[in-house]
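Here the structure comes first, spelled out in structure tokens, and everything after it is commentary.
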Amino acid sequence: MNRRPKWNFSYLTLLALGTILLVSAACGGQVTSNGSTNNSNVLQALAFAPAGVTDFTFTDWSLITDYEGIPNVTSKSSDSDRTRFLSSLTQGQAAASSFGLSDILTQEAVETWSFDPRDFSWDATLYARSLLDATVVKFHADFDLTPVIAHFRDRGYDQSVYRDFTIYSHKVDIGADWFGTLDNTIFNVAELASQKILIFGGSLDSLHAVIDAYKGATPSLTSNAATHSLAQSLGSLFSVEIVSSATTCAELDSLPIEKQTILQSDLSGLNDLHAYTWLGVGYRYEQRHLTGLIALNFPSMKDATSDLGQRRKLAASGTSLVSNHPYSSEIFTVDNAGVHNDNLTLNVSPVGGEPIHLFDMMLYDDLAFAACPT
């Protein structure tokens with residue numbers, strides 16, 4: 001894998017959590033997202049991503065909790081609200097980025113660090129193989145970071161300042177009684193107190209790279225014309241993964257022979273496809289209707305238009321590289337497709353109303369419609 005090994009909260013894993021918690025299926029709330037192009041949170045998160053990032057995942061927890069009717073849920077909320085929060089991730093919601101989600105069931109993150117994803121407005125994971133691994137967390141505006149910072153000080157973290165960010169760092173200590181909660185990025189943390197933002201980095205170099213991008217000292221994915229255009233095309237999303245074509249092409253090229261055979265069978269008879277730059281996959285709700293979004297950014301509108309019919313065909317009638325069954329029976333059906341500026345976009349309906357299928361598709365490189373030129 002060229003992408004970051006992620007917290008893989010599959011549908012079955014979350015269903016098990018829901019069963020343990022005696023989840024009720026009767027949860028839901030008022031619609032707060034109307035599918036507008038107000039995607040400022042995604043763009044804000046992209047501003048932290050250095051230009052070298054190849055895999056960007058993002059979850060807007062505020063949109064999810066608002067939609068589910070629990071807008072004020074926090075890590076201090078009742079067990080019933082915790083149940084509804086986890087239930088939503090087995091029934092109609094999904095998280096491409098999910099920092100700390102694995103610790104909710106045991107409350108370990110709350111007990112050890114005084115927060116969990118219920119306290120997040122959004123979080124985003126930034127990854128570039130061998131170069132950078134970081135997660136940016138935007139907490140709710142009324143969240144008090146004081147107890148979190150106190151844990152760093154009490155546990156002997158070194159403190160320094162870098163470009164207006166306070167840095168807390170600790171050598172990796174597998175013997176510490178708090179080791180194992182969250183992930184290893186907990187050893188390097190940057191705080192931007194005025195914005196209620198913490199950055200968790202796999203190394204100090206990762207933290208510095210993220211801060212440099214955010215402060216404009218180096219280019220970010222927001223300043224990248226292709227990723228900015230792609231994000232604008234996708235619009236407001238509950239969760240999304242954006243991956244470079246270099247990553248997807250490398251992973252498709254390295255598929256085992258049986259999957260290569262399926263892919264080549266689907267590609268046979270098609271004209272040459274054009275190279276794209278970035279792939280984005282996510283979802284949102286529009287007046288209680290689930291819409292999956294797939295977008296590929298091209299160097300030009302001409303290339304995107306040329307590929308529209310063929311890539312729509314691959315998505316609509318192509319074969320899953322994992323199951324060898326049609327995408328339409330396993331992952332999604334295609335509702336419509338079009339070209340917007342230099343982006344080819346597909347509106348899809350995830351099978352069973354479960355957007356987790358889209359992120360599992362990304363995780364397992366089940367991407368025939370994103371095939372690369374040979």
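Ordered as shown in the structure tokens, chains take letters A, B, and onward, while each chain numbers its residues from 1 and ligands are numbered from 1 in the order shown.
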Worksheet item: Got a sec: who's within 7 Å of Ser245 in chain A, counting only C-alpha atoms, leaving out chain neighbours fewer than 5 positions off, as a count of residues only?
Response: 4
Mind running range 237-335 of chain A against range 65-70 of chain A at 12 Å and telling me each contacting residue's nearest atom pair with the distance in Å (one decimal), counting only C-alpha atoms, chain and number ascending, as JSON lines?
```
{"residue": "A:Phe238", "atom": "CA", "partner": "A:Tyr67", "partner_atom": "CA", "distance": 9.7}
{"residue": "A:Arg284", "atom": "CA", "partner": "A:Tyr67", "partner_atom": "CA", "distance": 10.2}
{"residue": "A:Tyr285", "atom": "CA", "partner": "A:Tyr67", "partner_atom": "CA", "distance": 8.5}
{"residue": "A:Glu286", "atom": "CA", "partner": "A:Tyr67", "partner_atom": "CA", "distance": 10.5}
{"residue": "A:Gln287", "atom": "CA", "partner": "A:Tyr67", "partner_atom": "CA", "distance": 10.2}
{"residue": "A:Arg288", "atom": "CA", "partner": "A:Tyr67", "partner_atom": "CA", "distance": 8.7}
{"residue": "A:His289", "atom": "CA", "partner": "A:Tyr67", "partner_atom": "CA", "distance": 11.6}
{"residue": "A:Leu290", "atom": "CA", "partner": "A:Tyr67", "partner_atom": "CA", "distance": 11.7}
```
Please produce a file of the residues just selected, as a compact mmCIF listing (two decimals), in the first residue's frame, where the atoms kept are all heavy atoms.
```txt
# COMPACT_ATOMS: atom_id res chain seq x y z
N PHE A 238 -19.70 15.19 3.87
CA PHE A 238 -19.62 14.68 5.24
C PHE A 238 -18.26 14.03 5.47
O PHE A 238 -17.71 14.12 6.57
CB PHE A 238 -20.74 13.66 5.48
CG PHE A 238 -22.09 14.27 5.73
CD1 PHE A 238 -22.55 15.34 4.98
CD2 PHE A 238 -22.92 13.76 6.70
CE1 PHE A 238 -23.80 15.89 5.20
CE2 PHE A 238 -24.18 14.29 6.94
CZ PHE A 238 -24.62 15.37 6.19
N ARG A 284 -22.41 13.05 0.81
CA ARG A 284 -23.16 14.02 1.58
C ARG A 284 -24.63 13.61 1.54
O ARG A 284 -25.04 12.70 0.81
CB ARG A 284 -22.99 15.43 1.02
CG ARG A 284 -23.51 15.64 -0.39
CD ARG A 284 -23.49 17.12 -0.78
NE ARG A 284 -23.69 17.32 -2.20
CZ ARG A 284 -22.73 17.63 -3.06
NH1 ARG A 284 -21.48 17.77 -2.65
NH2 ARG A 284 -23.01 17.81 -4.34
N TYR A 285 -25.44 14.30 2.33
CA TYR A 285 -26.89 14.14 2.29
C TYR A 285 -27.51 15.42 1.76
O TYR A 285 -27.14 16.52 2.16
CB TYR A 285 -27.44 13.81 3.68
CG TYR A 285 -27.29 12.36 4.04
CD1 TYR A 285 -26.13 11.90 4.67
CD2 TYR A 285 -28.28 11.43 3.73
CE1 TYR A 285 -25.98 10.56 4.99
CE2 TYR A 285 -28.13 10.09 4.03
CZ TYR A 285 -26.98 9.66 4.67
OH TYR A 285 -26.83 8.33 4.97
N GLU A 286 -28.44 15.25 0.83
CA GLU A 286 -29.18 16.36 0.26
C GLU A 286 -30.66 16.12 0.51
O GLU A 286 -31.26 15.25 -0.11
CB GLU A 286 -28.89 16.48 -1.24
CG GLU A 286 -27.40 16.71 -1.55
CD GLU A 286 -27.12 16.67 -3.04
OE1 GLU A 286 -27.95 16.10 -3.78
OE2 GLU A 286 -26.07 17.19 -3.46
N GLN A 287 -31.22 16.86 1.46
CA GLN A 287 -32.63 16.68 1.84
C GLN A 287 -32.93 15.20 2.13
O GLN A 287 -33.85 14.59 1.58
CB GLN A 287 -33.56 17.21 0.73
CG GLN A 287 -33.32 18.66 0.38
CD GLN A 287 -33.48 19.58 1.58
OE1 GLN A 287 -34.38 19.39 2.40
NE2 GLN A 287 -32.62 20.59 1.69
N ARG A 288 -32.11 14.63 2.99
CA ARG A 288 -32.22 13.24 3.47
C ARG A 288 -31.94 12.21 2.38
O ARG A 288 -32.19 11.02 2.58
CB ARG A 288 -33.57 12.98 4.14
CG ARG A 288 -33.84 13.88 5.33
CD ARG A 288 -34.76 13.23 6.34
NE ARG A 288 -34.11 12.12 7.03
CZ ARG A 288 -33.27 12.26 8.07
NH1 ARG A 288 -32.96 13.46 8.52
NH2 ARG A 288 -32.75 11.20 8.65
N HIS A 289 -31.42 12.63 1.27
CA HIS A 289 -31.03 11.69 0.21
C HIS A 289 -29.51 11.57 0.18
O HIS A 289 -28.80 12.57 0.06
CB HIS A 289 -31.54 12.16 -1.15
CG HIS A 289 -31.04 11.31 -2.29
ND1 HIS A 289 -31.52 10.03 -2.52
CD2 HIS A 289 -30.09 11.55 -3.24
CE1 HIS A 289 -30.89 9.53 -3.58
NE2 HIS A 289 -30.03 10.42 -4.02
N LEU A 290 -29.02 10.34 0.30
CA LEU A 290 -27.59 10.08 0.27
C LEU A 290 -27.06 10.19 -1.16
O LEU A 290 -27.57 9.54 -2.07
CB LEU A 290 -27.29 8.68 0.81
CG LEU A 290 -25.85 8.17 0.66
CD1 LEU A 290 -24.88 9.03 1.46
CD2 LEU A 290 -25.77 6.70 1.11
```
Worksheet entry | Exercise: Asp205 in chain A partners within 8 Å, only C-alpha atoms, chain neighbours under 3 positions left out, as a count of residues only | 3
Discussion item. Can you pull out the residues contacting Gly282 in chain A? Cut-off 10 Å, using only C-alpha atoms, and skip same-chain residues under 6 positions away; I want them as a PyMOL selection string.
Written reply: chain A and resi 57-59+94-96+234-242+291-295+355-356+358-359
Discussion item. Run DSSP on the backbone and tell me which residues of range 67-243 of chain A come out as helix (DSSP H, G or I); list them as number ranges by chain.
Written reply: A: 67, 79-88, 101-103, 108-113, 117-119, 146-154, 184-187, 193-195, 204-214, 225-234
Restrict the selected residues to C-alpha atoms and save them as an mmCIF file, in the first residue's frame.
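Done, and the output landed in out.cif:
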```
data_model
loop_
_atom_site.group_PDB
_atom_site.id
_atom_site.type_symbol
_atom_site.label_atom_id
_atom_site.label_comp_id
_atom_site.auth_asym_id
_atom_site.auth_seq_id
_atom_site.Cartn_x
_atom_site.Cartn_y
_atom_site.Cartn_z
ATOM 1 C CA TYR A 67 -27.697 15.365 10.656
ATOM 2 C CA ASP A 79 -24.085 6.653 27.070
ATOM 3 C CA SER A 80 -27.253 6.940 24.999
ATOM 4 C CA ASP A 81 -25.750 9.761 22.927
ATOM 5 C CA ARG A 82 -22.533 7.760 22.565
ATOM 6 C CA THR A 83 -24.659 4.860 21.313
ATOM 7 C CA ARG A 84 -26.422 7.086 18.778
ATOM 8 C CA PHE A 85 -23.073 8.472 17.611
ATOM 9 C CA LEU A 86 -21.623 5.002 16.974
ATOM 10 C CA SER A 87 -24.912 3.752 15.558
ATOM 11 C CA SER A 88 -24.802 6.404 12.853
ATOM 12 C CA LEU A 101 -12.570 6.409 16.962
ATOM 13 C CA SER A 102 -11.312 2.992 18.065
ATOM 14 C CA ASP A 103 -11.113 4.198 21.676
ATOM 15 C CA GLU A 108 -9.894 4.992 26.859
ATOM 16 C CA ALA A 109 -9.098 8.162 24.898
ATOM 17 C CA VAL A 110 -11.352 10.219 27.163
ATOM 18 C CA GLU A 111 -9.861 8.776 30.334
ATOM 19 C CA THR A 112 -6.270 9.116 29.076
ATOM 20 C CA TRP A 113 -6.371 12.307 26.977
ATOM 21 C CA PRO A 117 -14.108 12.323 18.041
ATOM 22 C CA ARG A 118 -17.357 13.526 19.609
ATOM 23 C CA ASP A 119 -15.421 16.674 20.528
ATOM 24 C CA THR A 146 -6.761 22.950 29.028
ATOM 25 C CA PRO A 147 -7.147 19.366 30.368
ATOM 26 C CA VAL A 148 -5.651 17.952 27.148
ATOM 27 C CA ILE A 149 -2.574 20.182 27.370
ATOM 28 C CA ALA A 150 -2.249 19.344 31.070
ATOM 29 C CA HIS A 151 -1.755 15.680 30.133
ATOM 30 C CA PHE A 152 1.219 16.596 27.945
ATOM 31 C CA ARG A 153 2.823 18.603 30.721
ATOM 32 C CA ASP A 154 2.121 16.011 33.410
ATOM 33 C CA ASN A 184 1.934 6.861 17.688
ATOM 34 C CA THR A 185 1.370 10.414 16.459
ATOM 35 C CA ILE A 186 0.462 11.243 20.071
ATOM 36 C CA PHE A 187 4.192 11.713 20.787
ATOM 37 C CA ALA A 193 -4.980 27.537 20.628
ATOM 38 C CA SER A 194 -6.745 30.451 18.915
ATOM 39 C CA GLN A 195 -8.296 28.073 16.360
ATOM 40 C CA LEU A 204 8.668 16.584 14.548
ATOM 41 C CA ASP A 205 9.568 16.923 10.878
ATOM 42 C CA SER A 206 5.969 16.032 9.990
ATOM 43 C CA LEU A 207 4.653 18.705 12.362
ATOM 44 C CA HIS A 208 7.003 21.321 10.952
ATOM 45 C CA ALA A 209 6.024 20.448 7.364
ATOM 46 C CA VAL A 210 2.316 20.800 8.160
ATOM 47 C CA ILE A 211 2.818 24.091 9.973
ATOM 48 C CA ASP A 212 5.023 25.447 7.165
ATOM 49 C CA ALA A 213 2.261 24.704 4.652
ATOM 50 C CA TYR A 214 -0.436 26.286 6.818
ATOM 51 C CA ALA A 225 -4.790 24.480 -8.588
ATOM 52 C CA ALA A 226 -5.757 20.854 -9.246
ATOM 53 C CA THR A 227 -6.699 19.881 -5.682
ATOM 54 C CA HIS A 228 -8.433 23.210 -5.093
ATOM 55 C CA SER A 229 -10.492 22.729 -8.250
ATOM 56 C CA LEU A 230 -11.326 19.140 -7.260
ATOM 57 C CA ALA A 231 -12.464 20.193 -3.782
ATOM 58 C CA GLN A 232 -14.635 22.951 -5.255
ATOM 59 C CA SER A 233 -16.170 20.453 -7.662
ATOM 60 C CA LEU A 234 -17.001 17.976 -4.876
#
```
Fill in: Among listed residues A:Ile331, A:Leu221, A:Val189, A:Val136, nearest Ala49 in chain A (using only C-alpha atoms)
A:Leu221
